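J.: The following file, upload38.csv, comprises CSV, C-alpha atoms:
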chain,number,residue,atom,x,y,z
A,1,MET,CA,-243.8,74.5,30.5
A,2,GLY,CA,-246.1,76.7,28.4
A,3,VAL,CA,-247.4,78.5,31.4
A,4,SER,CA,-243.9,79.5,32.6
A,5,GLU,CA,-243.0,80.8,29.2
A,6,LEU,CA,-246.2,82.8,29.2
A,7,GLU,CA,-245.3,84.2,32.6
A,8,GLU,CA,-241.8,85.1,31.4
A,9,SER,CA,-243.2,86.9,28.4
A,10,SER,CA,-245.7,88.7,30.6
A,11,LEU,CA,-242.9,89.9,32.9
A,12,LEU,CA,-240.8,91.0,29.9
A,13,LEU,CA,-243.8,92.9,28.6
A,14,ASP,CA,-244.3,94.6,32.0
A,15,GLU,CA,-240.7,95.6,32.1
A,16,LYS,CA,-240.8,97.1,28.7
A,17,LEU,CA,-244.0,98.9,29.5
A,18,LEU,CA,-242.4,100.5,32.6
A,19,GLN,CA,-239.4,101.5,30.5
A,20,PHE,CA,-241.7,103.0,27.9
A,21,MET,CA,-243.6,105.0,30.6
A,22,ASP,CA,-240.3,106.2,32.1
A,23,GLN,CA,-239.1,107.4,28.7
A,24,LEU,CA,-242.4,109.2,28.0
A,25,GLU,CA,-242.1,110.9,31.4
A,26,LEU,CA,-238.6,112.0,30.7
A,27,LEU,CA,-239.6,113.2,27.3
A,28,GLU,CA,-242.4,115.3,28.8
A,29,GLU,CA,-240.0,116.8,31.3
A,30,LYS,CA,-237.5,117.7,28.6
A,31,ARG,CA,-240.2,119.1,26.4
A,32,ALA,CA,-241.4,121.4,29.2
A,33,THR,CA,-237.8,122.6,29.7
A,34,LEU,CA,-237.4,123.2,26.0
A,35,ASN,CA,-240.6,125.1,25.7
A,36,SER,CA,-239.7,127.4,28.6
A,37,LEU,CA,-236.2,128.0,27.2
A,38,ILE,CA,-237.6,128.9,23.8
A,39,GLU,CA,-240.1,131.3,25.4
A,40,GLN,CA,-237.2,132.9,27.4
A,41,GLY,CA,-235.2,133.2,24.1
A,42,TRP,CA,-238.1,135.0,22.4
A,43,PHE,CA,-238.7,137.3,25.3
A,44,SER,CA,-235.0,138.3,25.3
A,45,MET,CA,-235.2,138.8,21.5
A,46,SER,CA,-238.2,141.0,21.9
A,47,LYS,CA,-236.4,143.0,24.5
A,48,ALA,CA,-233.5,143.4,22.2
A,49,ARG,CA,-235.8,144.5,19.4
A,50,TYR,CA,-237.4,147.0,21.7
A,51,SER,CA,-234.0,148.6,22.4
A,52,MET,CA,-232.5,148.3,18.9
A,53,GLY,CA,-235.5,149.0,16.8
A,54,ASN,CA,-238.2,146.9,15.2
A,55,LYS,CA,-236.4,146.1,12.0
A,56,GLN,CA,-233.0,145.5,13.6
A,57,VAL,CA,-233.6,141.9,14.6
A,58,SER,CA,-235.0,140.2,11.6
A,59,ALA,CA,-234.2,137.9,8.8
A,60,LEU,CA,-232.9,140.8,6.8
A,61,GLN,CA,-229.8,140.9,9.0
A,62,TYR,CA,-228.7,137.4,8.2
A,63,ALA,CA,-225.2,137.3,6.7
A,64,SER,CA,-224.7,136.4,3.1
A,65,GLU,CA,-222.4,133.6,4.0
A,66,ILE,CA,-223.4,131.4,6.9
A,67,GLU,CA,-221.2,128.7,8.4
A,68,PRO,CA,-222.6,126.2,11.0
A,69,LEU,CA,-221.1,126.4,14.5
A,70,VAL,CA,-223.0,123.4,15.7
A,71,HIS,CA,-223.0,119.8,14.4
A,72,VAL,CA,-224.9,116.8,15.4
A,73,HIS,CA,-223.3,113.4,15.7
A,74,THR,CA,-225.2,110.2,15.6
A,75,ARG,CA,-224.1,107.1,17.4
A,76,THR,CA,-225.6,103.8,18.5
A,77,LEU,CA,-226.1,103.7,22.3
A,78,ASP,CA,-225.5,100.6,24.5
A,79,SER,CA,-229.2,99.9,24.5
A,80,GLY,CA,-229.1,99.7,20.7
A,81,ASP,CA,-231.0,102.9,20.2
A,82,LEU,CA,-229.7,105.8,18.1
A,83,GLY,CA,-228.2,108.7,20.0
A,84,PHE,CA,-227.8,112.4,18.9
A,85,CYS,CA,-225.2,114.6,20.5
A,86,THR,CA,-224.2,118.2,19.6
A,87,GLU,CA,-220.7,119.5,19.1
A,88,ARG,CA,-220.0,123.2,19.1
A,89,LEU,CA,-217.1,124.1,16.9
A,90,SER,CA,-216.4,127.6,18.1
A,91,GLN,CA,-215.8,126.7,21.7
A,92,SER,CA,-212.3,125.4,21.3
A,93,LYS,CA,-211.3,128.3,19.0
A,94,GLU,CA,-212.7,130.9,21.3
A,95,SER,CA,-210.9,129.4,24.2
A,96,GLY,CA,-207.7,129.5,22.1
A,97,LYS,CA,-208.3,133.1,21.3
A,98,ASP,CA,-208.8,133.9,24.9
A,99,VAL,CA,-205.4,132.5,25.8
A,100,THR,CA,-203.6,134.6,23.2
A,101,SER,CA,-205.5,137.8,24.0
A,102,VAL,CA,-204.4,137.5,27.6
A,103,GLU,CA,-200.8,137.0,26.5
A,104,ASP,CA,-201.0,140.0,24.1
A,105,ILE,CA,-202.4,142.4,26.7
A,106,GLY,CA,-199.7,141.8,29.3
A,107,PRO,CA,-196.2,143.4,29.0
A,108,GLN,CA,-193.7,141.4,27.0
A,109,GLU,CA,-190.9,142.2,29.5
A,110,GLU,CA,-191.1,142.4,33.2
A,111,GLY,CA,-189.8,145.5,35.0
A,112,VAL,CA,-188.6,148.8,33.7
A,113,ARG,CA,-187.1,148.8,30.2
A,114,ARG,CA,-183.7,150.4,29.7
A,115,ARG,CA,-183.3,152.1,26.4
A,116,ASN,CA,-179.5,152.4,26.3
A,117,LYS,CA,-178.4,149.0,27.4
A,118,PRO,CA,-174.8,148.4,28.2
A,119,LYS,CA,-172.8,146.0,26.0
A,120,LYS,CA,-172.8,143.4,28.8
A,121,ASN,CA,-176.4,142.7,28.2
A,122,ILE,CA,-176.2,142.1,24.5
A,123,LYS,CA,-176.1,138.3,25.0
A,124,GLU,CA,-179.1,138.5,27.3
A,125,LYS,CA,-180.9,140.6,24.7
A,126,GLU,CA,-180.2,138.1,22.0
A,127,ALA,CA,-181.5,135.3,24.3
A,128,ASN,CA,-184.6,137.4,24.9
A,129,ASP,CA,-185.0,138.0,21.1
A,130,LYS,CA,-184.8,134.3,20.5
A,131,ALA,CA,-187.4,133.6,23.1
A,132,SER,CA,-189.7,136.3,21.7
A,133,GLY,CA,-189.1,134.9,18.2
A,134,GLU,CA,-190.2,131.5,19.4
A,135,LYS,CA,-193.3,133.2,20.9
A,136,ALA,CA,-194.0,134.9,17.7
A,137,SER,CA,-193.7,131.7,15.7
A,138,GLU,CA,-196.2,130.2,18.2
A,139,VAL,CA,-198.6,133.1,17.7
A,140,ILE,CA,-198.5,133.1,13.9
A,141,PRO,CA,-200.7,130.0,13.2
A,142,GLU,CA,-203.3,131.3,15.6
A,143,LYS,CA,-203.4,134.6,13.7
A,144,GLN,CA,-203.8,132.7,10.5
A,145,ILE,CA,-206.8,131.0,12.0
A,146,ASP,CA,-208.1,134.5,13.0
A,147,GLN,CA,-208.1,135.6,9.3
A,148,ASN,CA,-210.8,133.1,8.5
A,149,PRO,CA,-213.0,133.0,11.7
A,150,GLN,CA,-216.4,131.5,11.8
A,151,GLN,CA,-218.3,134.6,12.5
A,152,ASP,CA,-220.5,134.8,15.6
A,153,PRO,CA,-224.1,135.3,14.4
A,154,LEU,CA,-224.4,137.9,17.1
A,155,LYS,CA,-222.3,140.2,14.9
A,156,TRP,CA,-224.9,140.2,12.1
A,157,PHE,CA,-227.0,142.4,14.3
A,158,GLY,CA,-224.2,144.9,15.1
A,159,ILE,CA,-221.0,145.2,17.0
A,160,LEU,CA,-222.4,146.5,20.2
A,161,VAL,CA,-225.5,144.4,20.6
A,162,PRO,CA,-227.7,144.7,23.8
A,163,GLN,CA,-227.2,142.2,26.6
A,164,SER,CA,-230.7,140.8,25.9
A,165,LEU,CA,-229.7,139.6,22.5
A,166,LYS,CA,-226.8,137.7,24.1
A,167,GLN,CA,-229.2,136.2,26.6
A,168,ALA,CA,-231.4,135.2,23.6
A,169,GLN,CA,-228.4,133.5,22.0
A,170,SER,CA,-227.5,131.6,25.1
A,171,SER,CA,-231.1,130.4,25.5
A,172,PHE,CA,-231.2,129.1,22.0
A,173,LYS,CA,-227.8,127.5,22.4
A,174,GLN,CA,-229.3,125.5,25.3
A,175,VAL,CA,-232.4,124.7,23.3
A,176,ILE,CA,-230.2,123.3,20.5
A,177,GLU,CA,-228.4,121.0,23.0
A,178,LEU,CA,-231.8,120.0,24.5
A,179,SER,CA,-233.3,119.3,21.1
A,180,ALA,CA,-230.5,116.7,20.5
A,181,GLU,CA,-231.4,115.0,23.8
A,182,ILE,CA,-235.1,115.1,22.8
A,183,ALA,CA,-234.4,113.6,19.4
A,184,THR,CA,-232.6,110.7,21.2
A,185,LEU,CA,-235.5,110.2,23.5
A,186,GLN,CA,-238.0,110.2,20.7
A,187,THR,CA,-236.1,107.5,18.8
A,188,ALA,CA,-235.9,105.5,22.0
A,189,VAL,CA,-239.6,105.9,22.6
A,190,LEU,CA,-240.5,104.7,19.1
A,191,ASN,CA,-238.1,101.7,19.4
A,192,THR,CA,-239.5,100.7,22.8
A,193,ARG,CA,-243.0,101.0,21.3
A,194,GLN,CA,-242.0,98.7,18.5
A,195,GLU,CA,-240.5,96.2,20.9
A,196,LEU,CA,-243.6,96.2,23.0
A,197,LYS,CA,-245.7,95.5,19.9
A,198,ASN,CA,-243.6,92.6,19.0
A,199,ASN,CA,-243.6,91.2,22.5
A,200,MET,CA,-247.3,91.5,22.7
A,201,LYS,CA,-247.7,89.6,19.5
A,202,ASP,CA,-245.4,86.9,20.8
A,203,LYS,CA,-247.5,86.7,24.0
A,204,HIS,CA,-250.7,86.3,22.0
A,205,ILE,CA,-249.2,83.4,20.0
A,206,LEU,CA,-248.0,81.8,23.3
A,207,GLN,CA,-251.5,82.3,24.8
A,208,GLU,CA,-253.2,80.6,21.9
A,209,LYS,CA,-250.7,77.7,22.0
A,210,THR,CA,-251.2,77.1,25.7
A,211,SER,CA,-255.0,77.4,25.5
A,212,ALA,CA,-254.9,74.9,22.6
A,213,ALA,CA,-252.7,72.5,24.7
A,214,LEU,CA,-255.1,72.8,27.7
A,215,LEU,CA,-258.1,72.0,25.5
A,216,ASP,CA,-256.3,68.9,24.1
A,217,LYS,CA,-255.6,67.7,27.7
A,218,VAL,CA,-259.3,68.3,28.7
A,219,SER,CA,-260.6,66.4,25.6
A,220,ASP,CA,-258.2,63.5,26.3
B,1,MET,CA,-216.3,111.8,16.8
B,2,ALA,CA,-214.3,111.6,13.6
B,3,GLY,CA,-215.5,113.5,10.6
B,4,ARG,CA,-217.9,116.3,10.2
B,5,GLY,CA,-221.2,115.9,11.9
B,6,LYS,CA,-224.7,116.5,10.6
B,7,LEU,CA,-226.7,119.8,10.6
B,8,ILE,CA,-229.8,120.9,12.4
B,9,ALA,CA,-232.4,122.3,10.0
B,10,VAL,CA,-235.3,124.7,10.9
B,11,ILE,CA,-238.6,125.4,9.4
B,12,GLY,CA,-240.2,128.1,11.3
B,13,ASP,CA,-241.5,131.7,11.7
B,14,GLU,CA,-239.0,134.6,11.6
B,15,ASP,CA,-238.3,134.7,15.3
B,16,THR,CA,-237.8,130.9,15.6
B,17,CYS,CA,-235.3,130.9,12.7
B,18,THR,CA,-233.5,134.0,14.0
B,19,GLY,CA,-233.2,132.4,17.4
B,20,PHE,CA,-231.8,129.2,16.1
B,21,LEU,CA,-229.5,130.9,13.7
B,22,LEU,CA,-228.2,133.0,16.6
B,23,GLY,CA,-227.5,129.7,18.3
B,24,GLY,CA,-225.2,128.8,15.4
B,25,ILE,CA,-227.1,126.1,13.4
B,26,GLY,CA,-227.4,128.0,10.1
B,27,GLU,CA,-225.6,127.0,6.9
B,28,LEU,CA,-225.5,128.2,3.3
B,29,ASN,CA,-223.8,125.5,1.3
B,30,LYS,CA,-221.8,125.7,-1.9
B,31,ASN,CA,-225.0,125.7,-3.9
B,32,ARG,CA,-226.3,128.6,-1.7
B,33,LYS,CA,-229.0,126.3,-0.3
B,34,PRO,CA,-229.9,127.1,3.3
B,35,ASN,CA,-230.7,124.6,6.0
B,36,PHE,CA,-233.6,126.8,7.2
B,37,LEU,CA,-236.9,128.2,5.9
B,38,VAL,CA,-238.4,131.4,7.2
B,39,VAL,CA,-242.2,130.9,6.9
B,40,GLU,CA,-244.0,134.1,6.3
B,41,LYS,CA,-247.7,134.9,5.7
B,42,ASP,CA,-247.3,134.5,1.9
B,43,THR,CA,-245.3,131.2,2.0
B,44,SER,CA,-247.3,128.5,0.3
B,45,ILE,CA,-247.9,125.1,1.8
B,46,THR,CA,-246.3,123.5,-1.3
B,47,GLU,CA,-243.1,125.4,-0.7
B,48,ILE,CA,-243.0,124.3,2.9
B,49,GLU,CA,-243.7,120.7,1.9
B,50,GLU,CA,-241.0,120.7,-0.8
B,51,THR,CA,-238.5,122.2,1.6
B,52,PHE,CA,-239.3,119.6,4.2
B,53,LYS,CA,-239.0,116.8,1.7
B,54,SER,CA,-235.7,118.2,0.4
B,55,PHE,CA,-234.4,118.3,4.0
B,56,LEU,CA,-235.4,114.7,4.4
B,57,THR,CA,-233.4,113.7,1.4
B,58,ARG,CA,-230.3,115.6,2.3
B,59,ASN,CA,-227.6,113.4,3.9
B,60,ASP,CA,-226.1,116.2,5.9
B,61,ILE,CA,-229.1,116.9,8.1
B,62,GLY,CA,-229.6,115.0,11.4
B,63,ILE,CA,-232.5,116.9,13.0
B,64,ILE,CA,-235.3,118.9,11.6
B,65,LEU,CA,-236.9,121.4,13.9
B,66,ILE,CA,-240.4,122.6,12.8
B,67,ASN,CA,-242.9,124.9,14.4
B,68,GLN,CA,-246.0,122.8,15.4
B,69,PHE,CA,-248.4,125.1,13.5
B,70,ILE,CA,-246.4,124.6,10.3
B,71,ALA,CA,-246.2,120.9,11.0
B,72,GLU,CA,-250.0,120.8,11.1
B,73,MET,CA,-250.0,122.2,7.5
B,74,ILE,CA,-247.9,119.3,6.2
B,75,ARG,CA,-248.9,116.6,8.7
B,76,HIS,CA,-249.3,113.9,6.1
B,77,ALA,CA,-245.6,114.4,5.0
B,78,ILE,CA,-244.4,114.2,8.7
B,79,ASP,CA,-246.5,111.1,9.4
B,80,ALA,CA,-245.1,109.4,6.3
B,81,HIS,CA,-241.5,109.9,7.6
B,82,MET,CA,-240.7,106.8,9.5
B,83,GLN,CA,-236.8,106.8,9.6
B,84,SER,CA,-234.9,107.8,12.7
B,85,ILE,CA,-232.5,110.1,10.7
B,86,PRO,CA,-233.3,112.9,10.3
B,87,ALA,CA,-235.3,113.2,13.5
B,88,VAL,CA,-238.3,115.5,13.3
B,89,LEU,CA,-238.9,117.7,16.4
B,90,GLU,CA,-242.0,119.8,16.7
B,91,ILE,CA,-241.5,123.0,18.7
B,92,PRO,CA,-243.9,125.7,19.8
B,93,SER,CA,-244.1,129.1,18.1
B,94,LYS,CA,-244.8,132.5,19.6
B,95,GLU,CA,-248.5,132.5,18.8
B,96,HIS,CA,-249.1,128.8,19.1
B,97,PRO,CA,-248.1,126.9,22.2
B,98,TYR,CA,-246.9,123.3,22.0
B,99,ASP,CA,-249.7,120.8,22.1
B,100,ALA,CA,-248.5,117.2,22.8
B,101,SER,CA,-251.7,115.7,21.5
B,102,LYS,CA,-250.8,117.0,18.0
B,103,ASP,CA,-247.2,115.8,18.0
B,104,SER,CA,-246.6,113.0,15.5
B,105,ILE,CA,-244.3,111.0,17.7
B,106,LEU,CA,-246.5,111.1,20.8
B,107,ARG,CA,-249.5,110.2,18.7
B,108,ARG,CA,-247.6,107.2,17.4
B,109,ALA,CA,-246.7,106.3,21.0
B,110,LYS,CA,-250.3,106.8,22.1
B,111,GLY,CA,-251.4,104.4,19.3
B,112,MET,CA,-249.7,101.7,21.3
B,113,PHE,CA,-252.7,101.6,23.5
B,114,SER,CA,-255.4,101.5,20.8
B,115,ALA,CA,-257.8,98.6,20.6
B,116,GLU,CA,-256.0,97.2,17.6
B,117,ASP,CA,-252.9,96.5,19.6
B,118,PHE,CA,-254.7,94.4,22.1
B,119,ARG,CA,-256.2,92.1,19.5
Spell out the structure here as structure tokens.
T.:
Amino acid sequence: MGVSELEESSLLLDEKLLQFMDQLELLEEKRATLNSLIEQGWFSMSKARYSMGNKQVSALQYASEIEPLVHVHTRTLDSGDLGFCTERLSQSKESGKDVTSVEDIGPQEEGVRRRNKPKKNIKEKEANDKASGEKASEVIPEKQIDQNPQQDPLKWFGILVPQSLKQAQSSFKQVIELSAEIATLQTAVLNTRQELKNNMKDKHILQEKTSAALLDKVSD
Amino acid sequence: MAGRGKLIAVIGDEDTCTGFLLGGIGELNKNRKPNFLVVEKDTSITEIEETFKSFLTRNDIGIILINQFIAEMIRHAIDAHMQSIPAVLEIPSKEHPYDASKDSILRRAKGMFSAEDFR
């Protein structure tokens, strides 16, 4: 009875140990990716500094009002561990802006416009006006959003920034996402370690019990 | 995903902070308190430690990113932090590459296989 329990706890311990090793391996992989991405970001930033000037990419350019564009959400995973995931706020707004900008650029009416329209077309014109009025009412709320935009940090460094600075930004965006994944893994590693410790203690207690039981049998 | 999420804080050299702020993590709250600290040559260890501890106590911070060479200066404070939120991540800096053997989390994980655990 005691021996089978001991075997069970040993198997559980082995399973946990393998899980722990897998998590560590994954953590190492992600760490390597993060390090290379950060290096890439610095390299792009240095290139931007080279083309813009030494003092043009520094802490002095930070805006006086800074709003976060990324938030981290924490949630409990199925395994019971804590998970971190990032959410970028600007993405939805930017995509919304893209849609309106495409609509604005295109001609409002198709075909050649006639300046002196005959009276027959007055009704059609009214219908068109109504339609455009509806369009305008749709556009207004988006314009209101535009009045208070969350400024892209890229604009702190100028309007026409070099491509390398944009590359640096995209590298660091990836790093931010990866750092949330690494934070999740780190928490998982620490939790598994704690579970392993507890399981090991349980196994030691079981071992002592079984050895004591065996000694009793021998003495009898 | 209801409600506003938490922030990512950074303690690092100028390039690290600039990079992450470019990525969009920066915030100056109503009290004009930033969620980042640019560590320069004349920044004292006390200042770094106080900022780190203030980040730990802030409820709106979920992850703290810190350059490993700065983490080395306040290692005792990092080792003393045992909660999972905020998570502390050590990252490399331009002059100092990442060394896994110095990382608090990995050292804790490595401690798993010390002689004490097998007693």
J.: Go through A:Ser79, A:Ser64, A:Thr192, A:Ser171 and flag the residue nearest B:Thr16, using all atoms listed in the file for the distances.
T.: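 Of A:Ser79, A:Ser64, A:Thr192, A:Ser171, the one nearest B:Thr16, counting all atoms listed in the file, is A:Ser171.
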J.: Applying 8 Å and all atoms listed in the file, which residues near stretch 204-206 of chain A remain after dropping the ones on its own chain fewer than 2 positions away? List them as a PyMOL selection string.
T.: chain A and resi 2+5-6+200-202+208-210
J.: Residues of chain A that approach chain B to 7 Å or less, counting all atoms listed in the file: could you list each one with the shortest pair of atoms and its distance in Å to one decimal, rows by chain and increasing residue number, as a Markdown table?
T.:
| residue | atom | partner | partner_atom | distance |
| --- | --- | --- | --- | --- |
| A:Asn35 | CA | B:Pro92 | CA | 6.8 |
| A:Ser58 | CA | B:Thr18 | CA | 6.8 |
| A:Ala59 | CA | B:Glu14 | CA | 6.5 |
| A:Glu65 | CA | B:Leu28 | CA | 6.3 |
| A:Ile66 | CA | B:Glu27 | CA | 4.9 |
| A:Glu67 | CA | B:Glu27 | CA | 4.9 |
| A:Pro68 | CA | B:Ile25 | CA | 5.1 |
| A:Leu69 | CA | B:Gly24 | CA | 4.8 |
| A:Val70 | CA | B:Ile25 | CA | 5.4 |
| A:His71 | CA | B:Gly5 | CA | 5.0 |
| A:Val72 | CA | B:Lys6 | CA | 4.8 |
| A:His73 | CA | B:Gly5 | CA | 5.0 |
| A:Pro153 | CA | B:Leu22 | CA | 5.2 |
| A:Leu154 | CA | B:Leu22 | CA | 6.2 |
| A:Gln169 | CA | B:Gly23 | CA | 5.4 |
| A:Phe172 | CA | B:Gly23 | CA | 5.3 |
| A:Lys173 | CA | B:Gly23 | CA | 4.7 |
| A:Ala183 | CA | B:Ala87 | CA | 6.0 |
| A:Thr187 | CA | B:Ser84 | CA | 6.2 |
| A:Leu190 | CA | B:Ala109 | CA | 6.7 |
| A:Arg193 | CA | B:Ala109 | CA | 6.5 |
J.: Which residue is closest to B:Asp13? Choose from A:Ser219, A:Trp42, A:Thr184, A:Gly158 and count all atoms listed in the file.
T.: A:Trp42
J.: Between A:Gln19, A:Leu60, A:Glu39, A:Cys85, which one has atoms that come closest to A:Ile182, using only C-alpha atoms?
T.: A:Cys85
J.: To one decimal place in Å, what is the distance between atom CA of A:Lys155 and atom CA of A:Ser179?
T.: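 Distance reported for this atom pair: 24.4 Å.
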J.: To one decimal in Å, tell me the separation between atom CA of A:Ser164 and atom CA of A:Asn54.
T.: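 Interatomic distance, atom CA of A:Ser164 to atom CA of A:Asn54: 14.4 Å.
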J.: So the first atom is atom CA of A:Ala63 and the second is atom CA of B:Glu40; what is the distance between them in Å, to one decimal place?
T.: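 Interatomic distance here is 19.1 Å.
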J.: Taking all atoms listed in the file into account, which of B:His81, B:Lys53, B:Lys33, B:His96 comes nearest B:Gly12?
T.: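 Among B:His81, B:Lys53, B:Lys33, B:His96, it is B:His96 that comes nearest to B:Gly12.
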J.: Compile the contact shell of A:Val57 as a ChimeraX atom specification: residues with an atom at most 8 Å away, counting only C-alpha atoms, same-chain residues fewer than 3 positions apart removed.
T.: /A:45,48-49,52-54,60-61,157 /B:18
J.: Near B:Lys102, within 10 Å and counting all atoms listed in the file, which residues show up once chain neighbours fewer than 5 positions away are dropped, as a ChimeraX atom specification?
T.: /B:68-69,71-72,75,90,107
J.: Measuring atom to atom with only C-alpha atoms, identify which of A:Phe43, A:Leu185, A:Glu177, A:Lys203 is nearest to A:Glu7.
T.: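 Under the stated criterion, the closest residue is A:Lys203.
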J.: Counting only C-alpha atoms, which residue out of A:Glu181, A:Tyr62, A:Leu77, A:Ala213 sits closest to B:Phe36?
T.: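 Comparing A:Glu181, A:Tyr62, A:Leu77, A:Ala213 against B:Phe36, the winner is A:Tyr62.
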